[in-house]
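Shown next: target-v2.pdb, containing PDB, C-alpha atoms, pLDDT in the B column.
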ATOM      1  CA  GLY A   1     161.246  29.697 132.365  1.00 56.00           C
ATOM      2  CA  ALA A   2     158.418  31.565 133.991  1.00 82.00           C
ATOM      3  CA  GLY A   3     154.869  30.675 133.126  1.00 93.00           C
ATOM      4  CA  VAL A   4     151.852  32.931 132.970  1.00 96.00           C
ATOM      5  CA  SER A   5     151.481  34.861 136.201  1.00 97.00           C
ATOM      6  CA  GLN A   6     148.395  36.573 137.554  1.00 97.00           C
ATOM      7  CA  SER A   7     147.826  38.956 140.404  1.00 97.00           C
ATOM      8  CA  PRO A   8     146.334  39.126 142.866  1.00 97.00           C
ATOM      9  CA  SER A   9     145.733  35.451 143.517  1.00 97.00           C
ATOM     10  CA  ASN A  10     142.687  36.323 145.591  1.00 97.00           C
ATOM     11  CA  LYS A  11     140.542  39.429 145.660  1.00 98.00           C
ATOM     12  CA  VAL A  12     137.610  40.124 147.940  1.00 98.00           C
ATOM     13  CA  THR A  13     135.602  43.227 147.187  1.00 98.00           C
ATOM     14  CA  GLU A  14     132.300  44.785 148.018  1.00 97.00           C
ATOM     15  CA  LYS A  15     129.443  45.004 145.582  1.00 97.00           C
ATOM     16  CA  GLY A  16     129.672  48.170 143.539  1.00 97.00           C
ATOM     17  CA  LYS A  17     133.440  48.555 143.752  1.00 98.00           C
ATOM     18  CA  ASP A  18     135.776  48.413 140.754  1.00 98.00           C
ATOM     19  CA  VAL A  19     138.516  45.771 140.499  1.00 98.00           C
ATOM     20  CA  GLU A  20     141.576  45.314 138.314  1.00 98.00           C
ATOM     21  CA  LEU A  21     143.088  41.929 137.580  1.00 98.00           C
ATOM     22  CA  ARG A  22     146.542  41.631 136.073  1.00 98.00           C
ATOM     23  CA  CYS A  23     148.092  39.071 133.747  1.00 98.00           C
ATOM     24  CA  ASP A  24     151.747  38.678 132.785  1.00 97.00           C
ATOM     25  CA  PRO A  25     151.993  36.326 129.811  1.00 96.00           C
ATOM     26  CA  ILE A  26     154.937  34.139 128.913  1.00 94.00           C
ATOM     27  CA  SER A  27     157.675  36.262 127.357  1.00 92.00           C
ATOM     28  CA  GLY A  28     157.386  36.297 123.580  1.00 90.00           C
ATOM     29  CA  HIS A  29     153.766  35.172 123.478  1.00 92.00           C
ATOM     30  CA  THR A  30     151.817  37.531 121.260  1.00 92.00           C
ATOM     31  CA  ALA A  31     148.364  36.101 121.912  1.00 93.00           C
ATOM     32  CA  LEU A  32     146.608  36.559 125.254  1.00 95.00           C
ATOM     33  CA  TYR A  33     143.215  35.339 126.434  1.00 96.00           C
ATOM     34  CA  TRP A  34     140.966  35.919 129.406  1.00 98.00           C
ATOM     35  CA  TYR A  35     138.511  33.255 130.575  1.00 97.00           C
ATOM     36  CA  ARG A  36     136.170  33.050 133.531  1.00 97.00           C
ATOM     37  CA  GLN A  37     135.541  29.896 135.548  1.00 95.00           C
ATOM     38  CA  SER A  38     132.519  29.905 137.798  1.00 91.00           C
ATOM     39  CA  LEU A  39     132.145  27.346 140.577  1.00 81.00           C
ATOM     40  CA  GLY A  40     131.668  23.888 139.107  1.00 73.00           C
ATOM     41  CA  GLN A  41     131.515  25.242 135.574  1.00 78.00           C
ATOM     42  CA  GLY A  42     133.706  25.085 132.540  1.00 84.00           C
ATOM     43  CA  LEU A  43     135.758  27.963 131.303  1.00 93.00           C
ATOM     44  CA  GLU A  44     133.959  30.814 129.598  1.00 95.00           C
ATOM     45  CA  PHE A  45     135.868  32.890 127.038  1.00 95.00           C
ATOM     46  CA  LEU A  46     135.946  36.624 127.655  1.00 97.00           C
ATOM     47  CA  ILE A  47     138.431  38.322 125.300  1.00 96.00           C
ATOM     48  CA  TYR A  48     141.397  37.619 123.017  1.00 94.00           C
ATOM     49  CA  PHE A  49     144.328  39.914 122.286  1.00 94.00           C
ATOM     50  CA  GLN A  50     146.770  39.654 119.425  1.00 92.00           C
ATOM     51  CA  GLY A  51     149.503  42.096 120.303  1.00 90.00           C
ATOM     52  CA  ASN A  52     147.788  45.135 121.789  1.00 91.00           C
ATOM     53  CA  SER A  53     144.596  44.828 119.783  1.00 91.00           C
ATOM     54  CA  ALA A  54     141.544  42.788 120.729  1.00 89.00           C
ATOM     55  CA  PRO A  55     140.021  41.241 117.601  1.00 88.00           C
ATOM     56  CA  ASP A  56     137.585  39.176 119.662  1.00 91.00           C
ATOM     57  CA  LYS A  57     135.738  40.727 122.590  1.00 94.00           C
ATOM     58  CA  SER A  58     132.661  38.613 122.080  1.00 92.00           C
ATOM     59  CA  GLY A  59     132.746  36.993 125.519  1.00 94.00           C
ATOM     60  CA  LEU A  60     132.685  40.116 127.661  1.00 96.00           C
ATOM     61  CA  PRO A  61     129.367  39.731 129.527  1.00 94.00           C
ATOM     62  CA  SER A  62     128.523  43.424 129.901  1.00 95.00           C
ATOM     63  CA  ASP A  63     129.939  46.902 129.438  1.00 96.00           C
ATOM     64  CA  ARG A  64     131.137  46.775 133.041  1.00 98.00           C
ATOM     65  CA  PHE A  65     133.918  44.517 131.805  1.00 98.00           C
ATOM     66  CA  SER A  66     136.891  45.875 129.883  1.00 97.00           C
ATOM     67  CA  ALA A  67     140.455  44.832 129.201  1.00 97.00           C
ATOM     68  CA  GLU A  68     143.569  46.336 127.793  1.00 96.00           C
ATOM     69  CA  ARG A  69     147.008  45.170 126.870  1.00 96.00           C
ATOM     70  CA  THR A  70     150.044  47.395 126.694  1.00 90.00           C
ATOM     71  CA  GLY A  71     153.434  46.852 125.094  1.00 89.00           C
ATOM     72  CA  GLY A  72     152.244  43.541 123.727  1.00 85.00           C
ATOM     73  CA  SER A  73     152.736  42.081 127.177  1.00 93.00           C
ATOM     74  CA  VAL A  74     150.864  42.784 130.411  1.00 96.00           C
ATOM     75  CA  SER A  75     147.077  42.799 130.328  1.00 97.00           C
ATOM     76  CA  THR A  76     144.582  44.196 132.800  1.00 98.00           C
ATOM     77  CA  LEU A  77     140.971  43.081 133.118  1.00 98.00           C
ATOM     78  CA  THR A  78     138.797  45.697 134.783  1.00 98.00           C
ATOM     79  CA  ILE A  79     135.371  45.053 136.227  1.00 98.00           C
ATOM     80  CA  GLN A  80     133.426  48.151 137.171  1.00 98.00           C
ATOM     81  CA  ARG A  81     130.588  48.269 139.713  1.00 98.00           C
ATOM     82  CA  THR A  82     131.101  44.629 140.638  1.00 98.00           C
ATOM     83  CA  GLN A  83     128.086  42.410 141.227  1.00 97.00           C
ATOM     84  CA  GLN A  84     127.842  39.179 143.203  1.00 96.00           C
ATOM     85  CA  GLU A  85     127.446  37.188 139.983  1.00 95.00           C
ATOM     86  CA  ASP A  86     130.927  38.369 138.980  1.00 96.00           C
ATOM     87  CA  SER A  87     132.386  36.086 141.649  1.00 97.00           C
ATOM     88  CA  ALA A  88     134.526  33.512 139.826  1.00 97.00           C
ATOM     89  CA  VAL A  89     138.088  32.542 139.029  1.00 97.00           C
ATOM     90  CA  TYR A  90     139.467  34.687 136.227  1.00 98.00           C
ATOM     91  CA  LEU A  91     142.055  32.843 134.164  1.00 97.00           C
ATOM     92  CA  CYS A  92     144.547  34.300 131.745  1.00 97.00           C
ATOM     93  CA  ALA A  93     146.281  32.301 129.028  1.00 96.00           C
ATOM     94  CA  SER A  94     148.859  33.084 126.398  1.00 95.00           C
ATOM     95  CA  SER A  95     150.190  31.457 123.260  1.00 92.00           C
ATOM     96  CA  PHE A  96     152.950  32.099 120.709  1.00 88.00           C
ATOM     97  CA  GLY A  97     150.629  33.530 118.096  1.00 72.00           C
ATOM     98  CA  ARG A  98     147.393  33.223 116.176  1.00 64.00           C
ATOM     99  CA  ASN A  99     148.411  30.009 114.456  1.00 63.00           C
ATOM    100  CA  THR A 100     149.590  28.267 117.583  1.00 68.00           C
ATOM    101  CA  ASN A 101     147.273  25.788 119.221  1.00 76.00           C
ATOM    102  CA  GLU A 102     148.434  25.436 122.800  1.00 88.00           C
ATOM    103  CA  GLN A 103     147.247  27.995 125.282  1.00 92.00           C
ATOM    104  CA  PHE A 104     149.240  28.192 128.528  1.00 94.00           C
ATOM    105  CA  PHE A 105     147.153  29.137 131.524  1.00 96.00           C
ATOM    106  CA  GLY A 106     148.032  31.073 134.628  1.00 96.00           C
ATOM    107  CA  PRO A 107     146.835  30.040 138.097  1.00 96.00           C
ATOM    108  CA  GLY A 108     143.945  32.485 138.043  1.00 97.00           C
ATOM    109  CA  THR A 109     142.584  35.220 140.280  1.00 98.00           C
ATOM    110  CA  ARG A 110     139.752  34.185 142.581  1.00 97.00           C
ATOM    111  CA  LEU A 111     137.346  37.111 142.817  1.00 97.00           C
ATOM    112  CA  THR A 112     134.743  37.201 145.572  1.00 97.00           C
ATOM    113  CA  VAL A 113     132.156  39.959 145.551  1.00 97.00           C
ATOM    114  CA  LEU A 114     130.372  40.364 148.872  1.00 96.00           C
TER     115      LEU A 114
ATOM    116  CA  GLN B 115     123.534  27.101 124.676  1.00 62.00           C
ATOM    117  CA  GLN B 116     126.225  24.593 125.545  1.00 70.00           C
ATOM    118  CA  GLN B 117     128.293  24.077 122.409  1.00 90.00           C
ATOM    119  CA  VAL B 118     130.417  21.299 123.897  1.00 95.00           C
ATOM    120  CA  LYS B 119     128.669  18.867 126.215  1.00 95.00           C
ATOM    121  CA  GLN B 120     130.819  16.808 128.565  1.00 96.00           C
ATOM    122  CA  SER B 121     129.948  13.775 130.663  1.00 96.00           C
ATOM    123  CA  PRO B 122     130.051  12.526 133.313  1.00 97.00           C
ATOM    124  CA  GLN B 123     130.321  15.413 135.777  1.00 95.00           C
ATOM    125  CA  SER B 124     132.225  13.206 138.182  1.00 97.00           C
ATOM    126  CA  LEU B 125     133.894   9.839 137.902  1.00 97.00           C
ATOM    127  CA  ILE B 126     135.471   7.462 140.394  1.00 98.00           C
ATOM    128  CA  VAL B 127     137.830   4.773 139.098  1.00 98.00           C
ATOM    129  CA  GLN B 128     139.967   2.242 140.884  1.00 98.00           C
ATOM    130  CA  LYS B 129     143.727   2.424 140.505  1.00 97.00           C
ATOM    131  CA  GLY B 130     144.785   0.548 137.415  1.00 97.00           C
ATOM    132  CA  GLY B 131     141.405   0.913 135.754  1.00 98.00           C
ATOM    133  CA  ILE B 132     140.408   2.796 132.602  1.00 98.00           C
ATOM    134  CA  SER B 133     138.898   6.259 132.938  1.00 98.00           C
ATOM    135  CA  ILE B 134     136.651   7.383 130.088  1.00 98.00           C
ATOM    136  CA  ILE B 135     135.293  10.913 129.648  1.00 98.00           C
ATOM    137  CA  ASN B 136     133.038  11.827 126.764  1.00 98.00           C
ATOM    138  CA  CYS B 137     132.293  15.021 124.862  1.00 97.00           C
ATOM    139  CA  ALA B 138     129.835  15.856 122.112  1.00 97.00           C
ATOM    140  CA  TYR B 139     129.556  18.891 119.885  1.00 96.00           C
ATOM    141  CA  GLU B 140     127.119  20.232 117.313  1.00 91.00           C
ATOM    142  CA  ASN B 141     129.071  22.702 115.227  1.00 90.00           C
ATOM    143  CA  THR B 142     131.005  21.125 112.366  1.00 89.00           C
ATOM    144  CA  ALA B 143     133.137  24.275 112.061  1.00 91.00           C
ATOM    145  CA  PHE B 144     135.279  23.146 114.986  1.00 92.00           C
ATOM    146  CA  ASP B 145     138.730  22.089 113.803  1.00 91.00           C
ATOM    147  CA  TYR B 146     140.757  21.467 116.934  1.00 93.00           C
ATOM    148  CA  PHE B 147     139.834  19.474 120.037  1.00 95.00           C
ATOM    149  CA  PRO B 148     142.108  19.660 123.100  1.00 95.00           C
ATOM    150  CA  TRP B 149     141.777  18.116 126.518  1.00 97.00           C
ATOM    151  CA  TYR B 150     142.963  20.069 129.537  1.00 97.00           C
ATOM    152  CA  GLN B 151     143.820  18.797 133.017  1.00 97.00           C
ATOM    153  CA  GLN B 152     143.359  21.028 136.053  1.00 96.00           C
ATOM    154  CA  PHE B 153     144.570  20.430 139.596  1.00 96.00           C
ATOM    155  CA  PRO B 154     143.068  22.375 142.511  1.00 92.00           C
ATOM    156  CA  GLY B 155     144.420  25.908 142.710  1.00 90.00           C
ATOM    157  CA  LYS B 156     146.133  25.654 139.343  1.00 93.00           C
ATOM    158  CA  GLY B 157     145.281  26.734 135.848  1.00 94.00           C
ATOM    159  CA  PRO B 158     144.355  24.123 133.243  1.00 95.00           C
ATOM    160  CA  ALA B 159     147.236  22.499 131.367  1.00 95.00           C
ATOM    161  CA  LEU B 160     147.057  20.976 127.904  1.00 94.00           C
ATOM    162  CA  LEU B 161     147.051  17.181 128.105  1.00 96.00           C
ATOM    163  CA  ILE B 162     146.472  16.001 124.551  1.00 95.00           C
ATOM    164  CA  ALA B 163     144.759  17.322 121.433  1.00 94.00           C
ATOM    165  CA  ILE B 164     143.396  16.065 118.118  1.00 94.00           C
ATOM    166  CA  ARG B 165     142.227  17.391 114.761  1.00 91.00           C
ATOM    167  CA  PRO B 166     139.106  15.983 113.038  1.00 90.00           C
ATOM    168  CA  ASP B 167     141.054  14.306 110.238  1.00 91.00           C
ATOM    169  CA  VAL B 168     142.430  11.778 112.730  1.00 92.00           C
ATOM    170  CA  SER B 169     140.326   9.139 114.515  1.00 94.00           C
ATOM    171  CA  GLU B 170     142.669   8.419 117.376  1.00 96.00           C
ATOM    172  CA  LYS B 171     145.712   9.923 119.064  1.00 96.00           C
ATOM    173  CA  LYS B 172     147.704   8.301 121.818  1.00 96.00           C
ATOM    174  CA  GLU B 173     150.273   9.827 124.146  1.00 95.00           C
ATOM    175  CA  GLY B 174     151.473   7.492 126.845  1.00 96.00           C
ATOM    176  CA  ARG B 175     148.498   6.391 128.934  1.00 97.00           C
ATOM    177  CA  PHE B 176     146.220   9.028 127.390  1.00 97.00           C
ATOM    178  CA  THR B 177     144.212   8.433 124.215  1.00 97.00           C
ATOM    179  CA  ILE B 178     141.703  10.594 122.372  1.00 96.00           C
ATOM    180  CA  SER B 179     139.155   8.770 120.253  1.00 96.00           C
ATOM    181  CA  PHE B 180     137.376  10.942 117.697  1.00 96.00           C
ATOM    182  CA  ASN B 181     134.167  10.073 115.851  1.00 95.00           C
ATOM    183  CA  LYS B 182     133.565  12.777 113.250  1.00 93.00           C
ATOM    184  CA  SER B 183     130.263  11.399 111.981  1.00 93.00           C
ATOM    185  CA  ALA B 184     128.816  11.200 115.477  1.00 95.00           C
ATOM    186  CA  LYS B 185     130.410  14.508 116.487  1.00 95.00           C
ATOM    187  CA  GLN B 186     131.818  12.944 119.601  1.00 96.00           C
ATOM    188  CA  PHE B 187     135.240  12.585 121.127  1.00 97.00           C
ATOM    189  CA  SER B 188     136.476  10.944 124.273  1.00 98.00           C
ATOM    190  CA  LEU B 189     139.483  10.769 126.550  1.00 98.00           C
ATOM    191  CA  HIS B 190     140.681   7.401 127.754  1.00 98.00           C
ATOM    192  CA  ILE B 191     143.173   7.141 130.595  1.00 98.00           C
ATOM    193  CA  MET B 192     144.684   3.688 130.803  1.00 98.00           C
ATOM    194  CA  ASP B 193     146.121   2.258 134.023  1.00 98.00           C
ATOM    195  CA  SER B 194     144.677   5.195 135.966  1.00 98.00           C
ATOM    196  CA  GLN B 195     146.789   6.378 138.893  1.00 98.00           C
ATOM    197  CA  PRO B 196     145.935   8.427 142.004  1.00 97.00           C
ATOM    198  CA  GLY B 197     148.051  11.241 140.547  1.00 97.00           C
ATOM    199  CA  ASP B 198     145.567  11.454 137.662  1.00 98.00           C
ATOM    200  CA  SER B 199     142.907  12.697 140.093  1.00 98.00           C
ATOM    201  CA  ALA B 200     141.996  16.118 138.719  1.00 97.00           C
ATOM    202  CA  THR B 201     139.325  17.935 136.754  1.00 96.00           C
ATOM    203  CA  TYR B 202     139.404  17.312 133.018  1.00 97.00           C
ATOM    204  CA  PHE B 203     137.971  19.645 130.407  1.00 97.00           C
ATOM    205  CA  CYS B 204     137.364  18.951 126.768  1.00 97.00           C
ATOM    206  CA  ALA B 205     137.350  21.937 124.442  1.00 96.00           C
ATOM    207  CA  ALA B 206     136.914  22.867 120.815  1.00 95.00           C
ATOM    208  CA  ARG B 207     138.035  25.718 118.615  1.00 93.00           C
ATOM    209  CA  PHE B 208     136.276  27.186 115.589  1.00 89.00           C
ATOM    210  CA  GLN B 209     138.234  27.090 112.372  1.00 86.00           C
ATOM    211  CA  GLY B 210     139.928  30.449 111.917  1.00 83.00           C
ATOM    212  CA  ALA B 211     139.175  31.546 115.466  1.00 85.00           C
ATOM    213  CA  GLN B 212     141.395  31.586 118.518  1.00 87.00           C
ATOM    214  CA  LYS B 213     139.098  31.174 121.489  1.00 90.00           C
ATOM    215  CA  LEU B 214     138.390  27.777 122.989  1.00 93.00           C
ATOM    216  CA  VAL B 215     134.893  26.589 123.862  1.00 94.00           C
ATOM    217  CA  PHE B 216     135.047  24.361 126.925  1.00 95.00           C
ATOM    218  CA  GLY B 217     132.917  21.546 128.245  1.00 95.00           C
ATOM    219  CA  GLN B 218     131.615  21.680 131.812  1.00 94.00           C
ATOM    220  CA  GLY B 219     134.427  19.547 133.214  1.00 95.00           C
ATOM    221  CA  THR B 220     134.712  16.117 134.822  1.00 97.00           C
ATOM    222  CA  ARG B 221     136.076  15.647 138.305  1.00 96.00           C
ATOM    223  CA  LEU B 222     138.038  12.392 138.222  1.00 98.00           C
ATOM    224  CA  THR B 223     138.991  10.557 141.397  1.00 98.00           C
ATOM    225  CA  ILE B 224     141.275   7.556 141.277  1.00 98.00           C
ATOM    226  CA  ASN B 225     140.994   5.420 144.383  1.00 96.00           C
ATOM    227  CA  PRO B 226     144.215   3.709 145.522  1.00 91.00           C
TER     228      PRO B 226
END

Could you quickly redo this structure as structure tokens?
Amino acid sequence: GAGVSQSPSNKVTEKGKDVELRCDPISGHTALYWYRQSLGQGLEFLIYFQGNSAPDKSGLPSDRFSAERTGGSVSTLTIQRTQQEDSAVYLCASSFGRNTNEQFFGPGTRLTVL
Amino acid sequence: QQQVKQSPQSLIVQKGGISIINCAYENTAFDYFPWYQQFPGKGPALLIAIRPDVSEKKEGRFTISFNKSAKQFSLHIMDSQPGDSATYFCAARFQGAQKLVFGQGTRLTINP
């Protein structure tokens, strides 16, 4: 079966531009997470979705960051007015539901802001 | 504020040796402690996990040792192989929450 997929795999943008990153979770997974991995760092939680709602947005670093999920499936992370410090690998994960432990990660989107 | 502290940052072990990676935490509200393995260009994958009511869990060559009183847990890889070369992350999850809090990662290299 297909795992979590993310697109694009790489994105290079100029400072000040907006970007959209997409995540397709594993079919049937109701929980979806976004994390950010900066060079040489651990993963930093951004946002958690259960279905289409986001009960935990505590990790979004600023109001330039937003995310939505539609149809309980695909999610989009949007970064407005990108800054150089936004450069990182953005990872998406999904799991069966709120009481399931294992999170399955996608390969990530490497974002470079010039 | 680093809620889960991981060490060492990098580790080199000879083939057949034991690799040991350590993590420490402060918050006693954590109730689930997974270890993830990440190869270059890939997302992390769950390797093994433990809950605080258990002191040790073993799966094949991988063992988690958990010391609740010291608030520390470690990953032991027995008979380390070159294919184990990867970055390893410990993590923790707050009781009732869903997000994982990750350590900084350890880059493990197994020399043949």

**OP:** Residues of chain B near chain A: apply a cut-off of 12 Å, count all atoms listed in the file, and supply the list as JSON, numbers by chain.
**Re:** {"B": [116, 117, 118, 119, 120, 123, 124, 145, 146, 147, 148, 149, 150, 151, 152, 153, 154, 155, 156, 157, 158, 159, 160, 161, 162, 163, 164, 165, 201, 202, 203, 204, 205, 206, 207, 208, 209, 210, 211, 212, 213, 214, 215, 216, 217, 218, 219, 220, 221]}

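The coordinates place CA of Ile135 (chain B) at 13.9 Å from CA of Asn181 (chain B).
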
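In this model, the gap between CA of Asn225 (chain B) and CA of Ser188 (chain B) comes to 21.3 Å.
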
Original post:
Just so the selection is clear, what residues does the PyMOL selection byres ((chain A and resi 74) around 8) cover here, as a list in words?
Top reply: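 When the PyMOL selection byres ((chain A and resi 74) around 8) is applied to the shown file, the picked residues are Arg22, Cys23, Asp24, Pro25, Arg69, Thr70, Gly71, Gly72, Ser73, Ser75 and Thr76 of chain A.
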
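For the file at hand, the PyMOL selection byres ((chain A and resi 14) around 7) resolves to A:Thr13, A:Lys15, A:Gly16, A:Lys17, A:Val113, A:Leu114.
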
Subject >> B:Cys137, B:Leu222, B:Val127, B:Ala143 ranked by distance to Asp193 (chain B), top pick (using all atoms listed in the file) >> reply: B:Val127
